[in-house]
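See below for my_file.cif, which holds mmCIF, C-alpha atoms and all ligand atoms.
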data_run
#
loop_
_atom_site.label_atom_id
_atom_site.label_comp_id
_atom_site.auth_asym_id
_atom_site.auth_seq_id
_atom_site.Cartn_x
_atom_site.Cartn_y
_atom_site.Cartn_z
CA MET A 1 140.67 -101.94 -112.82
CA GLY A 2 141.02 -100.85 -109.20
CA PRO A 3 139.25 -102.45 -106.25
CA PHE A 4 136.64 -99.68 -106.42
CA GLY A 5 136.16 -99.90 -110.18
CA ARG A 6 137.14 -97.50 -112.94
CA LEU A 7 136.02 -94.15 -114.38
CA LYS A 8 136.35 -93.66 -118.10
CA ILE A 9 135.78 -90.49 -120.14
CA VAL A 10 133.40 -91.54 -122.90
CA SER A 11 132.83 -88.12 -124.46
CA GLY A 12 134.31 -84.65 -124.17
CA VAL A 13 137.90 -83.51 -123.83
CA ARG A 14 140.33 -86.45 -123.47
CA ALA A 15 137.72 -89.04 -124.37
CA GLY A 16 139.09 -92.50 -123.73
CA ALA A 17 141.12 -91.55 -120.65
CA GLU A 18 140.60 -93.89 -117.69
CA TRP A 19 141.21 -93.78 -113.98
CA ASP A 20 141.44 -96.87 -111.84
CA LEU A 21 139.81 -96.33 -108.48
CA SER A 22 142.37 -98.07 -106.35
CA GLU A 23 142.57 -96.03 -103.14
CA GLU A 24 140.16 -95.48 -100.31
CA GLY A 25 139.31 -91.85 -99.58
CA SER A 26 137.61 -88.75 -100.99
CA PHE A 27 138.83 -87.11 -104.16
CA PRO A 28 137.74 -83.99 -106.05
CA ILE A 29 136.66 -84.13 -109.70
CA GLY A 30 137.12 -80.80 -111.50
CA SER A 31 139.22 -78.48 -113.64
CA ASN A 32 141.68 -77.62 -110.87
CA PRO A 33 144.99 -79.07 -112.15
CA LYS A 34 145.58 -80.43 -108.66
CA ALA A 35 142.27 -82.32 -108.72
CA ARG A 36 142.79 -86.06 -108.59
CA PHE A 37 140.37 -86.39 -111.49
CA HIS A 38 141.36 -83.47 -113.64
CA LEU A 39 138.93 -82.56 -116.44
CA GLU A 40 140.08 -79.88 -118.88
CA ASP A 41 136.75 -78.54 -119.95
CA PRO A 42 135.57 -74.91 -119.88
CA LYS A 43 132.25 -75.94 -118.38
CA VAL A 44 133.84 -77.87 -115.55
CA GLU A 45 134.38 -75.95 -112.30
CA PRO A 46 137.60 -76.29 -110.28
CA VAL A 47 135.86 -78.67 -107.90
CA HIS A 48 132.75 -79.87 -109.69
CA ALA A 49 132.08 -83.20 -107.96
CA GLY A 50 133.42 -85.40 -105.23
CA LEU A 51 134.30 -89.09 -105.44
CA HIS A 52 134.40 -91.27 -102.34
CA CYS A 53 135.78 -94.79 -102.24
CA GLY A 54 135.37 -97.02 -99.22
CA PRO A 55 134.23 -100.43 -98.02
CA GLU A 56 130.65 -99.59 -99.11
CA GLY A 57 131.76 -98.96 -102.70
CA ALA A 58 132.25 -95.84 -104.77
CA PHE A 59 130.01 -92.79 -104.32
CA VAL A 60 129.78 -89.49 -106.12
CA ASP A 61 128.29 -86.17 -105.01
CA ASN A 62 127.70 -82.83 -106.65
CA ARG A 63 129.66 -79.69 -105.74
CA SER A 64 128.51 -77.36 -108.50
CA LYS A 65 125.80 -74.77 -107.97
CA VAL A 66 125.84 -73.66 -111.60
CA SER A 67 125.71 -76.91 -113.53
CA PRO A 68 124.86 -79.84 -111.28
CA VAL A 69 126.25 -83.27 -112.05
CA LYS A 70 123.80 -85.60 -113.75
CA VAL A 71 123.69 -89.35 -113.23
CA ASN A 72 122.05 -91.23 -116.09
CA GLY A 73 120.30 -88.03 -117.10
CA ASP A 74 118.96 -87.12 -113.64
CA ILE A 75 120.28 -84.23 -111.63
CA LEU A 76 122.29 -85.65 -108.77
CA MET A 77 121.01 -84.77 -105.33
CA GLY A 78 122.97 -85.88 -102.33
CA ARG A 79 125.24 -88.86 -102.62
CA HIS A 80 124.91 -91.54 -105.28
CA LYS A 81 126.32 -95.02 -105.07
CA LEU A 82 127.94 -95.79 -108.40
CA GLN A 83 126.58 -98.82 -110.22
CA ALA A 84 128.09 -100.53 -113.25
CA GLY A 85 127.29 -98.58 -116.40
CA ASP A 86 126.33 -95.32 -114.64
CA LEU A 87 126.93 -92.31 -116.86
CA LEU A 88 128.07 -89.14 -115.08
CA LEU A 89 127.76 -85.80 -116.84
CA VAL A 90 130.24 -83.31 -115.38
CA GLY A 91 130.11 -80.00 -117.27
CA SER A 92 130.14 -81.33 -120.82
CA VAL A 93 132.27 -84.37 -120.05
CA THR A 94 130.59 -87.77 -119.80
CA LEU A 95 132.22 -90.40 -117.61
CA GLU A 96 131.22 -94.02 -117.39
CA TYR A 97 131.65 -96.07 -114.26
CA GLU A 98 132.84 -99.64 -114.51
CA ALA A 99 132.29 -101.76 -111.44
CA PRO A 100 135.14 -103.88 -110.09
CA SER A 101 134.94 -107.44 -111.37
CA GLY A 102 133.30 -109.90 -109.05
CA ARG A 103 130.67 -107.53 -107.71
CA SER A 104 129.52 -106.17 -111.01
CA ALA A 105 126.26 -104.88 -112.11
CA SER A 106 123.42 -105.13 -109.75
CA ARG A 107 121.56 -103.51 -112.63
CA SER A 108 121.95 -106.49 -114.91
CA ALA A 109 121.08 -108.75 -112.00
CA LYS A 110 117.83 -106.86 -111.60
CA ARG A 111 117.00 -107.41 -115.24
CA GLN A 112 117.07 -111.14 -114.68
CA VAL A 113 114.13 -111.19 -112.29
CA PRO A 114 111.22 -113.33 -113.45
CA GLY A 115 108.52 -111.47 -115.32
CA PRO A 116 105.06 -110.83 -113.93
CA PRO A 117 102.59 -113.73 -113.81
CA PRO A 118 100.79 -114.11 -117.15
CA ARG A 119 97.44 -112.41 -117.64
CA GLN A 120 94.79 -113.46 -120.06
CA GLU A 121 95.02 -111.87 -123.48
CA GLY A 122 93.77 -108.31 -123.55
CA ASN A 123 93.01 -108.39 -119.86
CA SER A 124 93.71 -104.80 -118.92
CA PHE A 125 93.78 -103.59 -115.35
CA GLN A 126 90.50 -102.29 -114.06
CA PRO A 127 89.99 -100.03 -111.09
CA VAL A 128 88.41 -101.70 -108.10
CA SER A 129 84.69 -101.10 -108.01
CA TYR A 130 82.73 -100.85 -104.83
CA SER A 131 79.14 -101.78 -104.26
CA GLY A 132 78.82 -98.22 -102.97
CA ARG A 133 76.77 -99.63 -100.15
CA ALA A 134 75.96 -97.54 -97.14
CA PRO A 135 74.37 -99.90 -94.60
CA LEU A 136 71.79 -98.25 -92.37
CA GLU A 137 73.70 -99.12 -89.20
CA GLY A 138 76.77 -97.47 -90.74
CA VAL A 139 74.87 -94.28 -91.53
CA LEU A 140 73.43 -94.21 -88.00
CA ALA A 141 76.86 -94.93 -86.50
CA GLY A 142 78.30 -92.05 -88.51
CA LEU A 143 75.56 -89.65 -87.43
CA GLY A 144 75.75 -90.81 -83.81
CA ALA A 145 79.53 -90.65 -83.53
CA GLY A 146 79.67 -87.32 -85.39
CA ILE A 147 77.06 -85.69 -83.16
CA ALA A 148 78.51 -87.21 -79.99
CA GLY A 149 81.89 -85.81 -80.93
CA GLY A 150 80.63 -82.54 -82.39
CA LEU A 151 78.49 -81.32 -79.47
CA PRO A 152 81.24 -80.97 -76.86
CA LEU A 153 83.45 -79.46 -79.55
CA ALA A 154 80.68 -76.93 -80.31
CA PHE A 155 80.69 -75.75 -76.67
CA ALA A 156 84.48 -75.47 -76.69
CA TYR A 157 84.43 -73.62 -79.99
CA ALA A 158 81.72 -71.17 -78.92
CA TYR A 159 83.56 -70.22 -75.71
CA LEU A 160 86.89 -69.91 -77.51
CA ASP A 161 85.25 -67.50 -79.94
CA LEU A 162 83.71 -65.57 -77.07
CA PHE A 163 86.99 -65.12 -75.22
CA ASN A 164 89.11 -64.65 -78.33
CA PRO A 165 86.74 -62.42 -80.30
CA CYS A 166 88.72 -61.52 -83.37
CA ILE A 167 90.06 -63.02 -86.55
CA ASN A 168 93.52 -64.43 -86.13
CA VAL A 169 95.44 -67.58 -86.81
CA ILE A 170 94.09 -69.27 -83.69
CA THR A 171 90.42 -68.68 -84.49
CA ILE A 172 90.78 -69.71 -88.14
CA LEU A 173 92.75 -72.80 -87.17
CA PHE A 174 90.27 -73.70 -84.47
CA THR A 175 87.39 -73.21 -86.91
CA ALA A 176 88.93 -75.77 -89.25
CA VAL A 177 89.88 -78.15 -86.43
CA PHE A 178 86.34 -77.96 -85.03
CA GLY A 179 84.89 -79.00 -88.38
CA ALA A 180 87.54 -81.63 -89.06
CA LEU A 181 87.26 -83.35 -85.66
CA THR A 182 83.48 -83.46 -85.98
CA GLY A 183 83.78 -85.01 -89.45
CA LEU A 184 86.44 -87.40 -88.20
CA ALA A 185 84.14 -88.66 -85.44
CA ALA A 186 81.52 -89.38 -88.11
CA GLY A 187 84.20 -91.07 -90.23
CA ILE A 188 85.12 -93.38 -87.36
CA GLY A 189 81.46 -94.38 -86.98
CA MET A 190 81.13 -95.00 -90.72
CA ARG A 191 84.31 -97.03 -90.87
CA TRP A 192 82.93 -99.22 -88.13
CA GLY A 193 79.59 -99.43 -89.94
CA LYS A 194 81.27 -100.25 -93.30
CA VAL A 195 79.92 -97.29 -95.27
CA ARG A 196 81.92 -97.45 -98.50
CA CYS A 197 80.12 -94.79 -100.47
CA ARG A 198 82.17 -91.61 -100.59
CA ARG A 199 79.14 -89.49 -101.34
CA THR A 200 77.29 -90.79 -98.28
CA GLN A 201 80.40 -90.24 -96.19
CA GLY A 202 80.58 -86.64 -97.38
CA ILE A 203 76.88 -85.98 -96.80
CA ILE A 204 77.01 -87.40 -93.26
CA GLY A 205 80.13 -85.33 -92.60
CA GLY A 206 78.29 -82.21 -93.78
CA VAL A 207 75.19 -83.02 -91.72
CA VAL A 208 77.09 -83.54 -88.46
CA GLY A 209 79.14 -80.42 -89.26
CA ALA A 210 75.88 -78.45 -89.61
CA VAL A 211 74.47 -79.88 -86.36
CA ALA A 212 77.65 -78.94 -84.49
CA LEU A 213 77.74 -75.50 -86.15
CA HIS A 214 74.15 -74.85 -85.09
CA LEU A 215 74.89 -75.76 -81.47
CA SER A 216 78.02 -73.60 -81.47
CA TRP A 217 75.81 -70.67 -82.55
CA VAL A 218 73.23 -71.38 -79.87
CA VAL A 219 75.91 -71.48 -77.17
CA TRP A 220 77.74 -68.44 -78.49
CA VAL A 221 74.63 -66.24 -78.93
CA SER A 222 73.29 -67.00 -75.46
CA ALA A 223 76.68 -66.45 -73.83
CA PHE A 224 77.29 -63.28 -75.85
CA LEU A 225 73.92 -61.76 -74.93
CA GLU A 226 74.56 -62.58 -71.31
CA SER A 227 77.82 -60.64 -71.45
CA GLN A 228 76.22 -57.65 -73.21
CA HIS A 229 73.37 -56.45 -71.01
CA ARG A 230 72.41 -53.64 -73.34
CA LEU A 231 71.57 -56.25 -75.99
CA TYR A 232 69.61 -58.40 -73.62
CA SER A 233 66.19 -59.29 -74.95
CA GLN A 234 62.83 -58.73 -73.35
CA HIS A 235 62.23 -62.44 -73.21
CA PRO A 236 64.78 -64.72 -71.53
CA VAL A 237 67.35 -66.22 -73.88
CA THR A 238 68.79 -69.55 -72.82
CA ILE A 239 70.67 -72.26 -74.64
CA SER A 240 67.63 -74.54 -74.61
CA SER A 241 65.19 -71.86 -75.79
CA LEU A 242 67.48 -70.88 -78.67
CA TYR A 243 68.09 -74.53 -79.49
CA VAL A 244 64.44 -75.39 -79.96
CA HIS A 245 63.42 -72.07 -81.57
CA PRO A 246 65.53 -71.49 -84.69
CA GLY A 247 63.50 -68.32 -85.36
CA ASP A 248 64.68 -66.80 -82.05
CA LEU A 249 68.26 -67.75 -82.84
CA LEU A 250 68.06 -66.05 -86.26
CA TYR A 251 66.44 -62.98 -84.72
CA GLU A 252 69.19 -62.63 -82.10
CA MET A 253 71.89 -63.26 -84.70
CA GLY A 254 70.36 -60.49 -86.78
CA ARG A 255 70.44 -58.06 -83.84
CA ILE A 256 74.07 -58.91 -83.04
CA CYS A 257 74.90 -58.53 -86.70
CA ASP A 258 73.47 -54.98 -86.72
CA PHE A 259 75.60 -53.88 -83.73
CA GLY A 260 78.69 -55.94 -84.46
CA ALA A 261 80.19 -58.34 -81.98
CA TRP A 262 83.89 -57.60 -81.82
CA SER A 263 86.49 -55.14 -83.05
CA LEU A 264 89.23 -55.58 -85.54
CA PHE A 265 92.54 -54.02 -84.41
CA GLY A 266 90.63 -52.42 -81.57
CA SER A 267 88.96 -49.88 -83.85
CA VAL A 268 86.84 -51.29 -86.68
CA THR A 269 83.75 -53.20 -85.60
CA PRO A 270 82.47 -55.32 -88.47
CA SER A 271 78.69 -55.33 -88.65
CA GLY A 272 75.88 -55.78 -91.15
CA ILE A 273 76.81 -57.40 -94.45
CA VAL A 274 80.54 -57.53 -93.63
CA LEU A 275 79.98 -59.47 -90.41
CA GLY A 276 77.40 -61.66 -92.17
CA LEU A 277 79.98 -62.55 -94.83
CA ILE A 278 82.59 -63.36 -92.18
CA TRP A 279 80.06 -65.69 -90.53
CA LEU A 280 79.31 -67.33 -93.88
CA VAL A 281 83.01 -67.98 -94.52
CA GLU A 282 83.34 -69.43 -91.03
CA ALA A 283 80.38 -71.74 -91.64
CA ALA A 284 81.82 -72.79 -95.01
CA ILE A 285 85.18 -73.68 -93.41
CA ILE A 286 83.48 -75.83 -90.76
CA LEU A 287 81.24 -77.68 -93.24
CA ALA A 288 84.04 -78.23 -95.74
CA ALA A 289 86.41 -79.51 -93.05
CA ALA A 290 83.73 -81.89 -91.73
CA TRP A 291 82.92 -83.11 -95.25
CA PHE A 292 86.58 -83.69 -96.04
CA ALA A 293 87.44 -85.40 -92.75
CA ALA A 294 84.44 -87.75 -92.89
CA ARG A 295 85.49 -88.90 -96.38
CA SER A 296 89.17 -89.32 -95.61
CA PHE A 297 88.98 -91.61 -92.65
CA THR A 298 88.07 -94.84 -94.43
CA PRO A 299 90.81 -96.93 -96.05
CA ALA A 300 91.16 -96.89 -99.83
CA LEU A 301 90.22 -100.55 -100.16
CA PHE A 302 87.12 -102.46 -99.14
CA CYS A 303 86.84 -106.15 -99.96
CA GLU A 304 83.26 -106.85 -101.00
CA GLY A 305 84.03 -110.58 -100.90
CA CYS A 306 84.56 -110.78 -97.16
CA ALA A 307 83.25 -107.33 -96.09
CA THR A 308 86.54 -106.16 -94.61
CA TRP A 309 88.53 -102.97 -94.97
CA GLY A 310 91.96 -103.34 -96.48
CA VAL A 311 95.30 -101.83 -95.63
CA THR A 312 97.48 -99.81 -97.95
CA ARG A 313 101.24 -100.12 -98.03
CA LYS A 314 102.70 -97.00 -99.52
CA ALA A 315 105.85 -96.98 -101.60
CA VAL A 316 106.38 -100.72 -101.71
CA LEU A 317 108.57 -100.15 -104.73
CA ALA A 318 109.96 -97.19 -106.61
CA VAL A 319 110.84 -97.37 -110.27
CA GLU A 320 112.30 -95.00 -112.80
CA ALA A 321 109.89 -92.30 -113.94
CA LEU A 322 108.40 -93.14 -117.33
CA ASP A 323 106.13 -90.94 -119.32
CA PRO A 324 102.54 -91.27 -118.12
CA ALA A 325 101.18 -92.16 -121.57
CA SER A 326 103.41 -95.21 -121.89
CA VAL A 327 102.56 -96.35 -118.36
CA LYS A 328 98.86 -96.12 -119.19
CA ALA A 329 99.38 -97.98 -122.46
CA ARG A 330 101.25 -100.79 -120.69
CA LEU A 331 98.51 -101.08 -118.07
CA GLU A 332 95.87 -101.22 -120.78
CA ASP A 333 97.78 -104.13 -122.31
CA GLY A 334 97.74 -105.89 -118.94
CA ASP A 335 101.52 -105.54 -118.80
CA LEU A 336 103.29 -104.94 -115.49
CA SER A 337 106.77 -105.91 -116.67
CA PHE A 338 107.93 -102.28 -116.71
CA LEU A 339 108.06 -102.46 -112.92
CA ALA A 340 110.96 -104.89 -113.25
CA GLU A 341 112.61 -103.21 -116.22
CA HIS A 342 113.14 -99.82 -114.68
CA PRO A 343 114.26 -100.18 -111.11
CA VAL A 344 115.43 -96.98 -109.56
CA PRO A 345 119.15 -97.23 -108.98
CA GLY A 346 120.31 -96.49 -105.49
CA SER A 347 120.38 -92.80 -106.12
CA ARG A 348 118.56 -89.68 -105.22
CA VAL A 349 116.72 -88.89 -108.39
CA ALA A 350 114.39 -86.00 -108.96
CA SER A 351 111.46 -88.06 -110.16
CA LEU A 352 110.25 -91.63 -109.85
CA ILE A 353 107.14 -93.77 -109.93
CA GLN A 354 105.87 -94.76 -106.52
CA VAL A 355 104.11 -98.11 -106.26
CA ASP A 356 101.48 -98.56 -103.53
CA LEU A 357 99.75 -101.87 -102.81
CA ALA A 358 96.56 -102.42 -100.87
CA SER A 359 95.19 -105.73 -99.73
CA CYS A 360 92.16 -107.06 -97.90
CA THR A 361 92.98 -107.98 -94.31
CA GLY A 362 90.33 -110.72 -94.33
CA CYS A 363 90.54 -113.14 -97.23
CA GLY A 364 93.59 -111.49 -98.80
CA ASP A 365 92.18 -112.04 -102.29
CA THR A 366 91.32 -108.44 -103.11
CA ARG A 367 94.46 -106.52 -104.00
CA THR A 368 94.99 -103.21 -105.69
CA LEU A 369 97.86 -101.33 -107.23
CA THR A 370 98.27 -97.55 -107.28
CA LEU A 371 100.98 -95.81 -109.27
CA SER A 372 101.93 -92.17 -108.78
CA THR A 373 104.66 -89.98 -110.15
CA ALA A 374 106.65 -88.59 -107.24
CA THR A 375 108.68 -85.53 -108.03
CA MET A 376 111.12 -84.12 -105.53
CA THR A 377 112.08 -80.50 -105.60
CA VAL A 378 114.63 -78.85 -103.37
CA GLY A 379 113.73 -75.36 -102.23
CA GLU A 380 116.05 -72.46 -101.57
CA ALA A 381 116.46 -73.42 -97.94
CA LYS A 382 117.36 -76.94 -99.15
CA GLN A 383 114.07 -78.26 -97.85
CA GLU A 384 112.82 -81.21 -99.84
CA LYS A 385 109.28 -81.23 -101.16
CA VAL A 386 107.62 -84.19 -102.77
CA ASP A 387 104.69 -83.88 -105.14
CA LEU A 388 102.63 -86.98 -105.84
CA LYS A 389 100.56 -87.15 -108.99
CA ALA A 390 98.35 -90.16 -109.58
CA LEU A 391 99.05 -92.21 -112.70
CA ALA A 392 96.65 -95.07 -112.02
CA GLU A 393 94.58 -95.57 -108.91
CA ASP A 394 93.29 -98.69 -107.18
CA LEU A 395 93.69 -101.13 -110.09
CA LEU A 396 92.65 -104.66 -109.23
CA ILE A 397 95.51 -107.11 -109.43
CA THR A 398 95.76 -110.79 -108.56
CA ARG A 399 97.40 -112.16 -105.45
CA GLN A 400 100.21 -113.56 -107.64
CA GLU A 401 100.84 -110.14 -109.17
CA ALA A 402 100.93 -108.50 -105.76
CA GLU A 403 103.42 -111.11 -104.55
CA TRP A 404 105.51 -110.59 -107.66
CA ILE A 405 105.67 -106.84 -107.00
CA GLU A 406 106.62 -107.54 -103.40
CA SER A 407 109.39 -109.83 -104.60
CA LEU A 408 110.72 -106.95 -106.75
CA SER A 409 110.64 -104.80 -103.68
CA THR A 410 112.72 -107.33 -101.73
CA GLN A 411 115.21 -107.67 -104.57
CA ALA A 412 115.60 -103.93 -104.89
CA GLY A 413 116.43 -103.94 -101.20
CA GLU A 414 118.98 -106.74 -101.55
CA SER A 415 120.80 -105.60 -104.64
CA GLY A 416 120.67 -101.89 -104.02
CA SER A 417 122.65 -100.04 -101.45
CA GLY A 418 120.16 -100.16 -98.63
CA PRO A 419 116.49 -100.62 -97.95
CA THR A 420 113.86 -100.28 -100.63
CA PRO A 421 113.26 -96.63 -101.49
CA LYS A 422 110.23 -95.34 -99.65
CA PRO A 423 109.31 -92.22 -101.51
CA THR A 424 106.61 -91.10 -99.09
CA ARG A 425 109.15 -90.83 -96.32
CA PHE A 426 111.60 -90.06 -99.02
CA SER A 427 114.68 -91.80 -98.08
CA TRP A 428 115.69 -91.03 -101.63
CA LYS A 429 118.73 -92.99 -100.61
CA LYS A 430 121.09 -90.77 -98.79
ZN ZN A 501 88.54 -110.07 -98.50
#
For this file, produce the structure as structure tokens.
Amino acid sequence: MGPFGRLKIVSGVRAGAEWDLSEEGSFPIGSNPKARFHLEDPKVEPVHAGLHCGPEGAFVDNRSKVSPVKVNGDILMGRHKLQAGDLLLVGSVTLEYEAPSGRSASRSAKRQVPGPPPRQEGNSFQPVSYSGRAPLEGVLAGLGAGIAGGLPLAFAYAYLDLFNPCINVITILFTAVFGALTGLAAGIGMRWGKVRCRRTQGIIGGVVGAVALHLSWVVWVSAFLESQHRLYSQHPVTISSLYVHPGDLLYEMGRICDFGAWSLFGSVTPSGIVLGLIWLVEAAIILAAAWFAARSFTPALFCEGCATWGVTRKAVLAVEALDPASVKARLEDGDLSFLAEHPVPGSRVASLIQVDLASCTGCGDTRTLTLSTATMTVGEAKQEKVDLKALAEDLLITRQEAEWIESLSTQAGESGSGPTPKPTRFSWKK
């Protein structure tokens, strides 16, 4: 056994062979006869993997584009710190890593953590339920804030459309931003007013979006007519007259629609049904963005006990990906122990379960647990993309259970090779 441990071929050509890792430095693993760790296997490339020994321990990385190295069944991405018992698949050769004595097996140490606090028999985890209350002052605050924010935005939007009269990335982006900021203003008001009913939040978002959209039309139509004298009406058209007379606004919109308002590529001027459809899509984008933004601003957790919003801590812990059915079955049994059984080793794995905790900032008694499967894919340009898929959302847990999960998080940080994995920022342990 070297100071950095030992690699042993457990299956494949030359099974039983061992290498003591006794020197510091980087060494190739592959079929090249000059490779320090020479594997005679047709599926092994000349330099298939790299091994690095140093004060931090022993690390392995993948060098094969054709058949990537797997660590404990997961495709190896980046550098992996070897832990006692790790199984490396290189081509069709399986190697086992034995840790140097004295600093062995953080994995077995992790298995010795105390189990979760006991739950009553058959006490499965239930999602947090809200009163769904929408206090009147909250609704008014949402409407007030949304309109106060939406009106100036409507002016800005109308003039941007007037001076940039075409469909391009800027106008589409600004259309969505206009709706989203209006909805966000309503969301801020409703967060202050403790509206915890998602449906109400969405409705208020839609209403303030519609109010802002209407004003943007009023401003745009009056400014457009002013700039086009041939379209100018018999009767004077001002912002205030259009604002209070929706019939006049519709009439003028209809006239503009017949002529068309701007040209596409300098030649085609959409008018009639085509222009009407473009306007409908624009309106739909604004309303949808306002609806979405108004609903997304409030935190996931509201404590009905002390009437306080909670805070969510994302990726408190990351554990090995298990199949969703077994996770759901364990949760139905009121069993959280799998969070301690399957810690993610300090490696960059392709898939894991992300654990989020939320807690009330007032009394601290209301706590929830959210589990999602996080899958990382690496694109052609080596960019990393993480997909989160919910496994269980906002399950009520006790304060003791939340503290137990936090203790797992601390232990993972101490025994692993760095801070706790934070899958949202995806330090999948470099
Ligand atoms: Zn509370």
Using only C-alpha atoms and all ligand atoms, which residues of chain A come within 12 Å of ligand ZN 501 (chain A), and what is the closest atom pair for each, with the distance in Å to one decimal? Give it as a tab-separated table, sorted by chain and residue number.
residue	atom	partner	partner_atom	distance
A:Leu301	CA	A:ZN501	ZN	9.8
A:Phe302	CA	A:ZN501	ZN	7.8
A:Cys303	CA	A:ZN501	ZN	4.5
A:Glu304	CA	A:ZN501	ZN	6.7
A:Gly305	CA	A:ZN501	ZN	5.1
A:Cys306	CA	A:ZN501	ZN	4.3
A:Ala307	CA	A:ZN501	ZN	6.4
A:Thr308	CA	A:ZN501	ZN	5.9
A:Trp309	CA	A:ZN501	ZN	7.9
A:Gly310	CA	A:ZN501	ZN	7.8
A:Val311	CA	A:ZN501	ZN	11.0
A:Ala358	CA	A:ZN501	ZN	11.3
A:Ser359	CA	A:ZN501	ZN	8.0
A:Cys360	CA	A:ZN501	ZN	4.7
A:Thr361	CA	A:ZN501	ZN	6.5
A:Gly362	CA	A:ZN501	ZN	4.6
A:Cys363	CA	A:ZN501	ZN	3.9
A:Gly364	CA	A:ZN501	ZN	5.3
A:Asp365	CA	A:ZN501	ZN	5.6
A:Thr366	CA	A:ZN501	ZN	5.6
A:Arg367	CA	A:ZN501	ZN	8.8
A:Thr368	CA	A:ZN501	ZN	11.8
A:Arg399	CA	A:ZN501	ZN	11.5
Dump C-alpha atoms for the selected residues as a PDB file, in the coordinates of the input?
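What ended up in selection_4.pdb:
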ATOM      1  CA  LEU A 301      90.220-100.550-100.160  1.00  0.00           C
ATOM      2  CA  PHE A 302      87.120-102.460 -99.140  1.00  0.00           C
ATOM      3  CA  CYS A 303      86.840-106.150 -99.960  1.00  0.00           C
ATOM      4  CA  GLU A 304      83.260-106.850-101.000  1.00  0.00           C
ATOM      5  CA  GLY A 305      84.030-110.580-100.900  1.00  0.00           C
ATOM      6  CA  CYS A 306      84.560-110.780 -97.160  1.00  0.00           C
ATOM      7  CA  ALA A 307      83.250-107.330 -96.090  1.00  0.00           C
ATOM      8  CA  THR A 308      86.540-106.160 -94.610  1.00  0.00           C
ATOM      9  CA  TRP A 309      88.530-102.970 -94.970  1.00  0.00           C
ATOM     10  CA  GLY A 310      91.960-103.340 -96.480  1.00  0.00           C
ATOM     11  CA  VAL A 311      95.300-101.830 -95.630  1.00  0.00           C
ATOM     12  CA  ALA A 358      96.560-102.420-100.870  1.00  0.00           C
ATOM     13  CA  SER A 359      95.190-105.730 -99.730  1.00  0.00           C
ATOM     14  CA  CYS A 360      92.160-107.060 -97.900  1.00  0.00           C
ATOM     15  CA  THR A 361      92.980-107.980 -94.310  1.00  0.00           C
ATOM     16  CA  GLY A 362      90.330-110.720 -94.330  1.00  0.00           C
ATOM     17  CA  CYS A 363      90.540-113.140 -97.230  1.00  0.00           C
ATOM     18  CA  GLY A 364      93.590-111.490 -98.800  1.00  0.00           C
ATOM     19  CA  ASP A 365      92.180-112.040-102.290  1.00  0.00           C
ATOM     20  CA  THR A 366      91.320-108.440-103.110  1.00  0.00           C
ATOM     21  CA  ARG A 367      94.460-106.520-104.000  1.00  0.00           C
ATOM     22  CA  THR A 368      94.990-103.210-105.690  1.00  0.00           C
ATOM     23  CA  ARG A 399      97.400-112.160-105.450  1.00  0.00           C
TER      24      ARG A 399
END
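Checking A:Val10, A:Ala176, A:Ile273, A:Leu88 one by one against Asp258 in chain A, counting all atoms listed in the file, you find the shortest gap at A:Ile273.
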Output as a Markdown table one row per residue of range 219-308 of chain A within 7 Å of range 184-200 of chain A: the closest atom pair and its distance in Å to one decimal place, counting only C-alpha atoms, sorted by chain and residue number ascending.
| residue | atom | partner | partner_atom | distance |
| --- | --- | --- | --- | --- |
| A:Ala293 | CA | A:Leu184 | CA | 5.1 |
| A:Ala294 | CA | A:Gly187 | CA | 4.3 |
| A:Arg295 | CA | A:Arg198 | CA | 6.0 |
| A:Phe297 | CA | A:Gly187 | CA | 5.4 |
| A:Thr298 | CA | A:Arg191 | CA | 5.6 |
Q) Any idea what's packed within 6 Å of Trp291 in chain A, counting only C-alpha atoms, ignoring anything in its chain fewer than 5 positions away? Could you give it as an MDAnalysis selection string? A) chainID A and resid 202 205:206
Resulting file, chosen residues, C-alpha atoms, as an mmCIF file, in the coordinates of the input:
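This went into result_13.cif:
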data_model
loop_
_atom_site.group_PDB
_atom_site.id
_atom_site.type_symbol
_atom_site.label_atom_id
_atom_site.label_comp_id
_atom_site.auth_asym_id
_atom_site.auth_seq_id
_atom_site.Cartn_x
_atom_site.Cartn_y
_atom_site.Cartn_z
ATOM 1 C CA GLY A 202 80.580 -86.640 -97.380
ATOM 2 C CA GLY A 205 80.130 -85.330 -92.600
ATOM 3 C CA GLY A 206 78.290 -82.210 -93.780
#
Q. Which one of A:Gln354, A:Thr373, A:Gln400, A:Ser67 sits closest to Asp323 in chain A if you count all atoms listed in the file?
A.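 The shortest atom-to-atom distance to Asp323 in chain A comes from A:Thr373.
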Q) Of the candidates A:Thr94, A:Pro270, A:Pro42, A:His80, which one gets nearest to Ala17 in chain A if we count all atoms listed in the file? A)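 Looking only at the distances to Ala17 in chain A, the closest residue turns out to be A:Thr94.
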Give me, as a tab-separated table, each residue of range 307-367 of chain A that comes within 7 Å of range 119-140 of chain A, together with its shortest interatomic pair and the distance in Å at one decimal, counting only C-alpha atoms, with rows ordered by chain and rising residue number.
residue	atom	partner	partner_atom	distance
A:Leu331	CA	A:Phe125	CA	6.0
A:Glu332	CA	A:Ser124	CA	4.6
A:Asp333	CA	A:Ser124	CA	5.3
A:Gly334	CA	A:Ser124	CA	4.2
Q.
Measuring between only C-alpha atoms, which one of A:Val281, A:Val69, A:Ala154, A:Leu51 shows the shortest distance to Lys81 in chain A?
A.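 Going through A:Val281, A:Val69, A:Ala154, A:Leu51 one by one, the smallest distance to Lys81 in chain A is for A:Leu51.
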